[in-house]
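Shown here: query_1.cif, mmCIF, C-alpha atoms.
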```cif
data_run
#
loop_
_atom_site.label_atom_id
_atom_site.label_comp_id
_atom_site.auth_asym_id
_atom_site.auth_seq_id
_atom_site.Cartn_x
_atom_site.Cartn_y
_atom_site.Cartn_z
CA MET A 1 8.92 252.91 89.01
CA TYR A 2 8.59 253.23 85.24
CA LYS A 3 10.02 249.73 84.72
CA GLU A 4 7.38 248.45 82.30
CA LEU A 5 6.43 252.01 81.47
CA ALA A 6 9.90 253.15 80.34
CA LYS A 7 9.11 252.71 76.65
CA TYR A 8 6.02 254.94 77.04
CA TYR A 9 7.71 257.62 79.16
CA ASP A 10 8.45 260.10 76.36
CA LEU A 11 4.86 259.85 75.10
CA ILE A 12 3.47 260.48 78.58
CA TYR A 13 5.61 263.62 78.82
CA SER A 14 5.29 264.69 75.18
CA TRP A 15 3.93 268.04 76.44
CA LYS A 16 7.27 268.91 78.07
CA ASP A 17 9.45 271.43 76.22
CA TYR A 18 12.91 269.94 76.77
CA LYS A 19 14.48 272.22 74.16
CA LYS A 20 13.30 275.40 75.89
CA GLU A 21 14.35 274.10 79.31
CA SER A 22 17.78 273.12 77.99
CA LYS A 23 18.33 276.62 76.63
CA LYS A 24 17.69 278.03 80.09
CA ILE A 25 20.05 275.46 81.64
CA ASN A 26 22.77 276.50 79.16
CA LYS A 27 22.32 280.16 80.11
CA LEU A 28 22.60 279.36 83.81
CA ILE A 29 25.74 277.31 83.23
CA LYS A 30 27.35 280.23 81.37
CA LYS A 31 26.40 282.58 84.21
CA TYR A 32 27.55 280.48 87.16
CA LYS A 33 30.27 278.04 86.03
CA LYS A 34 33.81 279.06 87.02
CA SER A 35 35.76 275.99 85.87
CA ASP A 36 37.28 275.87 82.37
CA GLY A 37 36.12 272.48 81.06
CA ASN A 38 32.93 271.27 79.35
CA LYS A 39 32.22 267.89 80.98
CA LEU A 40 28.61 267.53 82.14
CA LEU A 41 26.92 264.82 84.20
CA ASP A 42 23.13 264.54 84.21
CA VAL A 43 21.97 262.64 87.31
CA GLY A 44 18.56 260.98 87.08
CA CYS A 45 18.72 261.50 83.33
CA GLY A 46 15.72 259.29 82.51
CA THR A 47 15.43 258.85 78.74
CA GLY A 48 18.00 261.61 78.19
CA LYS A 49 15.72 264.20 76.60
CA HIS A 50 17.53 267.20 78.12
CA LEU A 51 20.87 265.79 77.01
CA GLU A 52 19.59 265.58 73.45
CA TYR A 53 19.99 269.38 73.37
CA ILE A 54 22.66 269.99 76.02
CA LYS A 55 25.15 267.68 74.25
CA GLU A 56 25.60 270.33 71.54
CA ASN A 57 27.79 272.32 73.96
CA PHE A 58 29.11 269.71 76.39
CA SER A 59 30.71 266.29 76.63
CA CYS A 60 27.86 264.50 78.40
CA THR A 61 27.34 261.52 80.68
CA GLY A 62 23.92 260.46 81.95
CA ILE A 63 23.15 258.18 84.90
CA ASP A 64 19.86 256.80 86.18
CA LEU A 65 18.86 254.08 88.64
CA ASN A 66 16.30 252.71 86.16
CA GLU A 67 18.08 250.45 83.66
CA GLU A 68 15.03 250.35 81.39
CA MET A 69 15.14 254.14 81.05
CA ILE A 70 18.87 254.01 80.34
CA GLY A 71 18.12 251.48 77.60
CA VAL A 72 15.65 253.89 75.97
CA ALA A 73 18.18 256.73 76.23
CA LYS A 74 20.93 254.66 74.58
CA ASN A 75 18.63 253.74 71.69
CA ASN A 76 17.45 257.31 71.11
CA ILE A 77 20.50 259.53 71.69
CA SER A 78 24.04 259.24 70.33
CA ASP A 79 27.30 260.80 71.56
CA VAL A 80 26.31 260.52 75.24
CA ASP A 81 27.70 257.98 77.71
CA PHE A 82 24.70 256.50 79.59
CA LYS A 83 25.21 254.34 82.67
CA PRO A 84 22.91 252.80 85.30
CA ALA A 85 23.82 254.18 88.74
CA ASP A 86 22.31 255.33 92.04
CA MET A 87 22.69 259.06 92.72
CA ILE A 88 23.33 258.41 96.41
CA ASN A 89 26.51 256.38 95.98
CA PHE A 90 27.63 256.41 92.33
CA ASP A 91 31.40 256.53 91.80
CA LEU A 92 32.49 257.41 88.26
CA ASN A 93 36.14 258.04 89.15
CA ASP A 94 35.90 261.34 87.30
CA LYS A 95 35.22 265.01 87.91
CA PHE A 96 32.81 267.22 85.96
CA ASP A 97 32.36 270.93 85.30
CA VAL A 98 28.58 270.70 85.50
CA ILE A 99 26.17 268.36 87.28
CA THR A 100 22.46 268.63 86.53
CA CYS A 101 19.63 266.82 88.33
CA LEU A 102 16.36 267.83 86.68
CA PHE A 103 12.60 267.16 86.56
CA SER A 104 12.44 266.70 90.35
CA SER A 105 14.50 263.48 90.30
CA ILE A 106 16.11 264.60 93.57
CA GLY A 107 12.75 264.15 95.34
CA TYR A 108 12.95 260.36 94.98
CA LEU A 109 15.65 260.37 97.65
CA LYS A 110 12.72 260.80 100.09
CA THR A 111 14.79 261.67 103.20
CA TYR A 112 17.15 264.45 104.26
CA ASP A 113 19.75 261.79 105.14
CA ASN A 114 19.75 260.53 101.56
CA LEU A 115 19.78 264.11 100.28
CA GLU A 116 22.86 264.93 102.35
CA LYS A 117 24.72 261.84 101.05
CA THR A 118 23.79 262.70 97.48
CA ILE A 119 24.85 266.35 97.67
CA LEU A 120 28.20 265.26 99.14
CA ASN A 121 28.55 262.82 96.26
CA PHE A 122 27.82 265.60 93.77
CA ALA A 123 30.55 267.70 95.39
CA LYS A 124 32.99 264.79 95.13
CA HIS A 125 32.35 264.56 91.38
CA LEU A 126 32.61 268.32 90.66
CA LYS A 127 35.75 270.30 89.85
CA THR A 128 36.48 273.40 91.91
CA GLY A 129 34.42 276.17 90.33
CA GLY A 130 32.04 273.65 88.79
CA VAL A 131 28.30 274.19 89.05
CA VAL A 132 25.43 271.96 90.14
CA ILE A 133 21.87 272.71 89.01
CA ILE A 134 19.09 270.85 90.81
CA GLU A 135 15.38 271.06 90.01
CA PRO A 136 13.48 270.04 93.16
CA TRP A 137 9.99 268.75 93.79
CA PHE A 138 7.54 270.89 95.73
CA THR A 139 7.81 272.00 99.34
CA LYS A 140 4.98 271.27 101.79
CA SER A 141 3.58 274.77 101.30
CA THR A 142 3.41 274.47 97.48
CA TYR A 143 2.29 270.82 97.29
CA MET A 144 -1.45 270.43 96.63
CA VAL A 145 -3.00 267.59 98.65
CA GLY A 146 -6.07 266.10 96.96
CA HIS A 147 -5.17 267.42 93.52
CA LEU A 148 -6.77 265.43 90.68
CA GLY A 149 -4.26 264.79 87.92
CA MET A 150 -4.84 263.63 84.36
CA THR A 151 -2.38 263.27 81.48
CA THR A 152 -3.30 261.86 78.07
CA TYR A 153 -1.52 261.02 74.84
CA ASP A 154 -3.65 260.60 71.72
CA GLY A 155 -1.64 259.06 68.87
CA GLU A 156 -2.83 257.12 65.82
CA ASP A 157 -1.36 253.82 66.98
CA ILE A 158 -1.20 254.31 70.73
CA LYS A 159 -3.36 256.07 73.31
CA ILE A 160 -2.48 256.66 76.96
CA ALA A 161 -4.47 257.96 79.93
CA ARG A 162 -2.92 258.53 83.35
CA LEU A 163 -4.95 259.56 86.40
CA ASN A 164 -3.87 260.16 89.96
CA THR A 165 -4.67 261.84 93.24
CA THR A 166 -2.18 263.37 95.67
CA ALA A 167 -1.74 262.52 99.35
CA LEU A 168 0.65 263.50 102.14
CA ASP A 169 2.58 261.20 104.51
CA ASN A 170 4.73 263.34 106.84
CA ASP A 171 7.46 264.74 104.57
CA LEU A 172 6.48 262.60 101.58
CA SER A 173 4.09 263.37 98.77
CA VAL A 174 2.34 260.18 97.70
CA MET A 175 0.88 259.73 94.22
CA GLU A 176 -0.67 256.52 92.96
CA MET A 177 -0.60 256.73 89.17
CA HIS A 178 -3.14 254.64 87.25
CA TYR A 179 -2.40 254.05 83.55
CA LEU A 180 -4.53 252.74 80.71
CA ILE A 181 -2.55 252.08 77.53
CA VAL A 182 -3.83 250.70 74.25
CA GLU A 183 -1.76 250.03 71.13
CA ARG A 184 -3.06 249.13 67.69
CA ASP A 185 -3.92 245.43 67.39
CA LYS A 186 -3.19 244.82 71.09
CA ASP A 187 -5.26 244.47 74.25
CA VAL A 188 -5.61 247.37 76.68
CA LYS A 189 -2.93 247.37 79.41
CA TYR A 190 -3.46 248.63 82.94
CA PHE A 191 -0.61 249.67 85.23
CA VAL A 192 -0.41 251.15 88.72
CA ASP A 193 2.79 253.05 89.61
CA LYS A 194 3.16 254.44 93.15
CA HIS A 195 5.42 257.45 93.61
CA GLU A 196 6.71 258.68 96.98
CA VAL A 197 8.62 261.95 96.62
CA GLY A 198 10.35 263.97 99.34
CA LEU A 199 9.08 267.46 100.19
CA PHE A 200 12.35 269.20 101.02
CA GLU A 201 12.24 272.69 102.54
CA ILE A 202 14.35 275.39 100.89
CA ASP A 203 16.32 276.47 103.98
CA LYS A 204 17.29 272.90 104.90
CA PHE A 205 18.22 272.10 101.29
CA LEU A 206 20.49 275.16 101.07
CA GLU A 207 22.07 274.32 104.43
CA ILE A 208 22.97 270.84 103.16
CA MET A 209 24.51 272.32 100.01
CA ILE A 210 26.54 274.89 101.97
CA ASN A 211 27.81 272.17 104.34
CA ALA A 212 28.99 270.24 101.26
CA SER A 213 31.24 273.16 100.17
CA PHE A 214 28.84 274.83 97.77
CA LYS A 215 28.13 278.52 97.42
CA ALA A 216 24.39 277.95 97.04
CA GLU A 217 21.23 279.84 96.18
CA PHE A 218 17.61 279.09 95.30
CA LEU A 219 16.02 280.60 92.19
CA LYS A 220 12.23 280.91 92.34
CA ASP A 221 12.04 281.24 88.56
CA GLY A 222 12.86 277.67 87.53
CA LEU A 223 11.94 275.41 84.65
CA MET A 224 8.45 274.49 85.89
CA LYS A 225 5.88 276.38 87.95
CA GLU A 226 6.52 276.58 91.71
CA ARG A 227 9.50 274.17 91.71
CA GLY A 228 12.41 276.58 91.33
CA LEU A 229 16.08 275.65 90.95
CA TYR A 230 19.00 275.20 93.30
CA ILE A 231 22.36 276.50 92.03
CA GLY A 232 25.64 275.58 93.70
CA ILE A 233 29.22 276.52 92.85
CA LYS A 234 31.87 274.14 94.21
CA SER A 235 34.37 276.01 96.37
#
```

Please go through the file and, once you have read it, give me the structure as structure tokens.
Amino acid sequence: MYKELAKYYDLIYSWKDYKKESKKINKLIKKYKKSDGNKLLDVGCGTGKHLEYIKENFSCTGIDLNEEMIGVAKNNISDVDFKPADMINFDLNDKFDVITCLFSSIGYLKTYDNLEKTILNFAKHLKTGGVVIIEPWFTKSTYMVGHLGMTTYDGEDIKIARLNTTALDNDLSVMEMHYLIVERDKDVKYFVDKHEVGLFEIDKFLEIMINASFKAEFLKDGLMKERGLYIGIKS
């Protein structure tokens, strides 16, 4: 996903207020973090837009499975160590005070088995008293099947339209994204990007975190409507 679209990603999500969200993340870290250091790992960092603001207070590392997105992040943001890695099995041979996993990246794990492996891996990379902040995708009860989605970007030299519908396949939300992109002096491009994202239930998610040695809770008031946030303190 987003391979050929990586260079357009920040335009597609130009509506997103990363600065405001990062301020809230900083407040949560101050409230919950018990360890003394300031090392932060952003898992599923994408193009690094949250880290652009979070790096003011932390020594930051960002990892993402998509090497094209990591390339964009490296070009756009300085003073952050970006690396391609899979959240399920990355091994950085280091421990952090904070791990963030935002904008529903955790949903791309798809299965509870993968979620359990990933949460255990987060615990392995956190110091005692460190905090993990995870922004999930929807649950089955909050996911809207049949929703018609449209996102546009209207610049002088580039215009983008993305349309999609939403479907359900057991515990997966399925969204087939159709993109039309036109740049000045170039032909119109058409892309189709299929997204399958896990619908993890809150009780099961918290149980997995607790079993991985986290004191865990779910906050309904998250960064985006109806997604919430999971907070875990490593014990």

> If you apply the PyMOL selection byres ((chain A and resi 62-70) around 8) to this file, what residues do you get, as number ranges by chain?
Replying inline: A: 1-4, 6-7, 41-48, 51, 60-61, 71-74, 80-87

>> Can you translate the PyMOL selection byres ((chain A and resi 118-132) around 7) into the concrete residues it hits in this file, as a PyMOL selection string?
In response: chain A and resi 32-35+87-89+94-100+114-117+133-134+209+212+231-235

>> Using only C-alpha atoms for the distances, tell me which of A:His195, A:Lys39, A:Lys220, A:Lys159 is nearest to Lys110 of chain A.
In response: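 Smallest separation from Lys110 of chain A among the options: A:His195.
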
> A:Leu148, A:Leu5, A:Ile208, A:Cys101: which is nearest Asp113 of chain A, counting all atoms listed in the file?
Replying inline: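 So, comparing all the options, the nearest one is A:Ile208.
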
>> Taking the file as I've supplied it (selection: the PyMOL selection byres ((chain A and resi 52-55) around 9)), which residues are included? Please answer as a list in words.
In response: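 Residues picked by the PyMOL selection byres ((chain A and resi 52-55) around 9): Tyr18, Lys19, Ser22, Lys23, Ile25, Asn26, Leu40, Gly48, Lys49, His50, Leu51, Glu56, Asn57, Phe58, Ser59, Cys60, Asn76, Ile77, Ser78, Asp79 and Val80 of chain A.
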
Given the selection you just returned, output its residues as a file containing C-alpha atoms, formatted as a compact mmCIF listing (two decimals), keeping the file's coordinate frame.
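Result file selection.txt:
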```txt
# COMPACT_ATOMS: atom_id res chain seq x y z
CA TYR A 18 12.91 269.94 76.77
CA LYS A 19 14.48 272.22 74.16
CA SER A 22 17.78 273.12 77.99
CA LYS A 23 18.33 276.62 76.63
CA ILE A 25 20.05 275.46 81.64
CA ASN A 26 22.77 276.50 79.16
CA LEU A 40 28.61 267.53 82.14
CA GLY A 48 18.00 261.61 78.19
CA LYS A 49 15.72 264.20 76.60
CA HIS A 50 17.53 267.20 78.12
CA LEU A 51 20.87 265.79 77.01
CA GLU A 56 25.60 270.33 71.54
CA ASN A 57 27.79 272.32 73.96
CA PHE A 58 29.11 269.71 76.39
CA SER A 59 30.71 266.29 76.63
CA CYS A 60 27.86 264.50 78.40
CA ASN A 76 17.45 257.31 71.11
CA ILE A 77 20.50 259.53 71.69
CA SER A 78 24.04 259.24 70.33
CA ASP A 79 27.30 260.80 71.56
CA VAL A 80 26.31 260.52 75.24
```

>> Let me make sure I understand: among A:Asn164, A:Ser105, A:Ser141, A:Thr151, which one has the smallest atom-to-atom distance to Val192 of chain A if we use only C-alpha atoms?
In response: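 Closest to Val192 of chain A, using only C-alpha atoms: A:Asn164.
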
>> Tell me which residues come within 7 Å of (8.7, 271.9, 103.2), as a VMD selection string, counting all atoms listed in the file in the file's coordinates.
In response: chain A and resid 139 to 141 199 to 201

>> With all atoms listed in the file as the counted atoms, please give the residues lying no more than 7 Å from Thr152 of chain A, apart from itself and same-chain residues fewer than 5 positions off, as number ranges by chain.
In response: A: 12, 160-162

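For the pair atom CA of Tyr9 of chain A and atom CA of Asp221 of chain A, the interatomic distance is 25.8 Å.
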
> Which of these, A:Gly198, A:Gly228, A:Gly222, A:Gly149, has the shortest distance to Tyr112 of chain A once you count only C-alpha atoms?
Replying inline: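 When distances to Tyr112 of chain A are compared using only C-alpha atoms, the smallest one comes from A:Gly198.
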
> Smallest atom-to-atom distance to Leu219 of chain A: which of A:Leu168, A:Ile106, A:Ile202, A:Leu92, using only C-alpha atoms?
Replying inline: A:Ile202

> Which value, in Å to one decimal, gives the distance between atom CA of Lys31 of chain A and atom CA of Lys16 of chain A?
Replying inline: 24.3 Å

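Distance-wise, atom CA of Leu163 of chain A and atom CA of Met150 of chain A end up 4.6 Å apart.
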
>> Around the point (7.1, 268.7, 92.8) (coordinates from the file), which residues reach within 9 Å if we count only C-alpha atoms? Answer as a list in words.
In response: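 Neighbouring residues, ordered by chain and number, come to Phe103, Ser104, Gly107, Pro136, Trp137, Phe138, Thr139, Thr142, Tyr143, Ser173, Val197, Gly198, Leu199, Glu226 and Arg227 of chain A.
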